[in-house]
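Here is the structure we will look at, set down as structure tokens.
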Amino acid sequence: MAILETQELTYTYSVGTPFEKTAVDHVDLAIEEGEMIGVMGHTGSGKSTLIQHFNGLLKPTSGKILLDGKDIWEDKSKIRDVRFQVGLVFQYPEYQIFEETVYKDIAFGPKNMGLDDAEIKRRVLETAHDIGLSEELMERSPFELSGGQKRRVAIAGVMAMQPKVLILDEPTAGLDPAGRDKILEHIKAYHRRTKNTILIVSHSMEDIASFADKILVMSNSKLFCYDETVKVFARSKEISEIGLDVPQITKVFEKLKDRGLDFGKDVYTVEYAKNLLLKKLRGGTANC
Amino acid sequence: MLRDITIGQYFPGNSVIHRLDPRFKIVITVLFIVMLFTGDSIICLSAGAVFTFMAIFFSKIKLKMFVKSVKPLVPFLLITAVLNLILVNSGEILWRWKFIKITDEGLNISIFMIIRIILLIMGTSLLTYTTSPITLTDAIERLLSPLKKLRFPVHELAMMMSIALRFIPTLIEETDKIISAQKARGAEIDSGSFKNRARNLISILVPLFVSAFRRADELATAMECRCYNGGDGRTRLRQLKSAPRDYIALAVTILFLAASIAMGILFK
């Protein structure tokens with residue numbers, strides 16, 4: 001059964017004013033448990049609005065969101081529990097940090113869940129380890145840390161609630177390449193360990209190609225497609241028509257195909273391309 | 001939620017009211033306020049009411065938006081009305097209960113006060129609804145410029161006002177975001193016990209202050225990068241020019257003011 005499902009989900013901003021705008025338009029989706037999903041879409045395509053529905057921060061104008069088959073808005077007083085099960089990390093999450101120490105800030109979510117101190121401590125340390133924050137940092141003020149570290153503290157703050165579904169809105173925006181790789185590696189490791197469902201919004205096709213089992217594409221407030229990574233990147237023409245891109249390496253291999261060098265496979269990571277090329281070279285000309 | 005705040009909001013448009021010179025609009029608004037406060041009976045207010053609705057009609061902004069601007073002040077209106085009802089003791093007694101008595105004069109005054117405040121809010125909302133904050137501060141700077149002779153820092157005041165106005169929507173958006181982020185971590189902000197809510201307020205205020213200071217810092221650097229060094233010798237991008245319609249509008253306003261005063265004298 002799908003862990004997260006939307007039915008005819010529609011959301012309109014500022015109903016009845018001159019600024020009225022439908023940001024999410026009749027979206028039907030079913031996300032299976034344990035998947036790692038890349039979410040892409042232009043700025044203003046409705047992806048940020050869509051993900052804020054998954055944990056009940058926004059209430060749909062019409063339509064439904066089902067978590068484990070249950071409508072999350074069925075009982076309004078239970079909406080906080082939904083937020084513990086579907087963790088949402090916003091863009092630039094380091095701006096939400098407020099506590100005096102890193103430990104306290106990560107503990108904010110678990111504390112709100114009403115857990116006991118021992119369990120909170122276990123979770124905070126476990127999450128800090130998962131995201132690559134050393135234990136010495138725990139008693140430091142989060143405001144003294146570097147940008148990348150702050151970002152990881154903020155992500156840990158949501159991870160520590162151990163949500164069944166973790167959603168990250170551009171977790172690597174504004175970081176240097178090293179910081180970006182580090183965060184993605186840690187998220188991937190977390191996924192391997194917990195097998196939780198993860199959605200990551202990203203504008204980097206290379207990043208998405210490196211982690212995603214499936215890709216969700218939003219365009220013009222509508223769900224453009226939701227499919228396996230290979231299948232989505234195979235539609236490179238349509239993807240570029242809506243103003244998005246496929247990974248550069250995929251484009252290289254498409255050009256090669258146009259020139260008659262067909263590898264018969266869809267390539268979307270550099271690693272895979274390397275292996276494919278080496279195999280071809282070794283197989284073709286053994287003396288080389 | 002916070003998005004729905006309409007105070008200081010501007011609705012772009014091209015109506016007659018939108019095109020009026022902002023300096024005249026400010027003067028007209030001041031005269032309008034005088035108009036509302038000269039009369040002391042409901043009849044006097046009718047001039048103000050006609051004036052308000054006429055202006056709203058010409059602005060082509062939906063009446064709904066004005067109702068919305070009054071909404072947040074409803075509790076304040078109710079308190080004013082109740083206090084007037086209870087505290088005015090003169091006139092004929094209509095109803096009494098223990099030491100509380102309601103008189104016809106009290107009833108009159110409270111209805112009068114409510115109408116006056118509603119008109120006041122609607123009329124002044126019209127100014128911000130139809131004038132962009134930037135032109136508004138421009139106009140204030142021009143209107144106050146005689147004070148420069150008294151060494152009053154008019155330009156600095158106007159600059160501070162435009163920066164403050166410019167950042168209201170930004171800070172509202174920021175607050176919205178921080179609230180959402182903390183809610184996503186299970187903070188109870190619009191539900192839960194009072195103690196919890198008060199504690200969770202810290203989780204919003206700290207990041208908000210941090211970001212406000214960061215923004216102020218960035219803005220100061222950006223202004224210095226563009227060689228801003230105060231108002232001396234600065235020329236303006238938008239020259240304010242008055243047109244015949246501005247004088248007509250002013251004349252109409254003065255006419256209404258006179259009518260309101262005249263009615264006040266006639267119906268004493």
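Going by the structure tokens order, chains are called A, B, ..., each with residues numbered from 1, while ligands are numbered from 1 in the order shown.
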Please produce, as a Markdown table, a per-residue contact table for chain B versus chain A (criterion: any atom at most 9 Å away, only C-alpha atoms considered), showing the nearest atom pair and its distance in Å to one decimal, sorted by chain then residue number.
| residue | atom | partner | partner_atom | distance |
| --- | --- | --- | --- | --- |
| B:Arg3 | CA | A:Ser14 | CA | 8.2 |
| B:Asp4 | CA | A:Ser14 | CA | 7.8 |
| B:Phe11 | CA | A:Pro18 | CA | 8.1 |
| B:Lys62 | CA | A:Thr17 | CA | 9.0 |
| B:Met65 | CA | A:Thr17 | CA | 8.0 |
| B:Lys177 | CA | A:Phe90 | CA | 8.4 |
| B:Ile178 | CA | A:Gln96 | CA | 5.9 |
| B:Ile179 | CA | A:Gln96 | CA | 8.8 |
| B:Ser180 | CA | A:Leu57 | CA | 6.7 |
| B:Ala181 | CA | A:Phe90 | CA | 6.5 |
| B:Gln182 | CA | A:Gln96 | CA | 7.2 |
| B:Lys183 | CA | A:Leu57 | CA | 7.6 |
| B:Ala184 | CA | A:Arg83 | CA | 5.7 |
| B:Arg185 | CA | A:Gly109 | CA | 4.7 |
| B:Gly186 | CA | A:Asn112 | CA | 5.6 |
| B:Ala187 | CA | A:Asn112 | CA | 6.3 |
| B:Glu188 | CA | A:Arg80 | CA | 8.3 |
| B:Ile202 | CA | A:Phe98 | CA | 7.9 |
| B:Ser203 | CA | A:Phe98 | CA | 5.8 |
| B:Ile204 | CA | A:Gln96 | CA | 7.7 |
| B:Leu205 | CA | A:Phe98 | CA | 8.5 |
| B:Val206 | CA | A:Phe98 | CA | 5.6 |
| B:Pro207 | CA | A:Gln96 | CA | 5.6 |
| B:Leu208 | CA | A:Tyr95 | CA | 8.4 |
| B:Val210 | CA | A:Tyr95 | CA | 8.2 |
| B:Ser211 | CA | A:Tyr95 | CA | 7.3 |
Report task. Enumerate, as a PyMOL selection string, the complete set of residues in range 157-277 of chain A that a backbone-based DSSP assignment places in helix (DSSP H, G or I). Result -> chain A and resi 157-159+177-194+205-211+229-234+236-241+248-258+270-277
Using only C-alpha atoms, the shortest atom-to-atom distance to Val50 in chain B among B:Leu171, B:Leu165, B:Gly231, B:Val252 belongs to B:Val252
Q) Where in range 100-268 of chain A does DSSP assign strand (DSSP E), given as a ChimeraX atom specification? A) /A:165-169,197-201,214-219,222-228
- Task: For CA of Ala47 in chain B and CA of Phe256 in chain B, quote the distance in Å rounded to one decimal.
- Result: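 Taking CA of Ala47 in chain B and CA of Phe256 in chain B, their separation equals 6.2 Å.
CA of Leu77 in chain B to CA of Met263 in chain B spans 25.6 Å [interatomic distance, one decimal].
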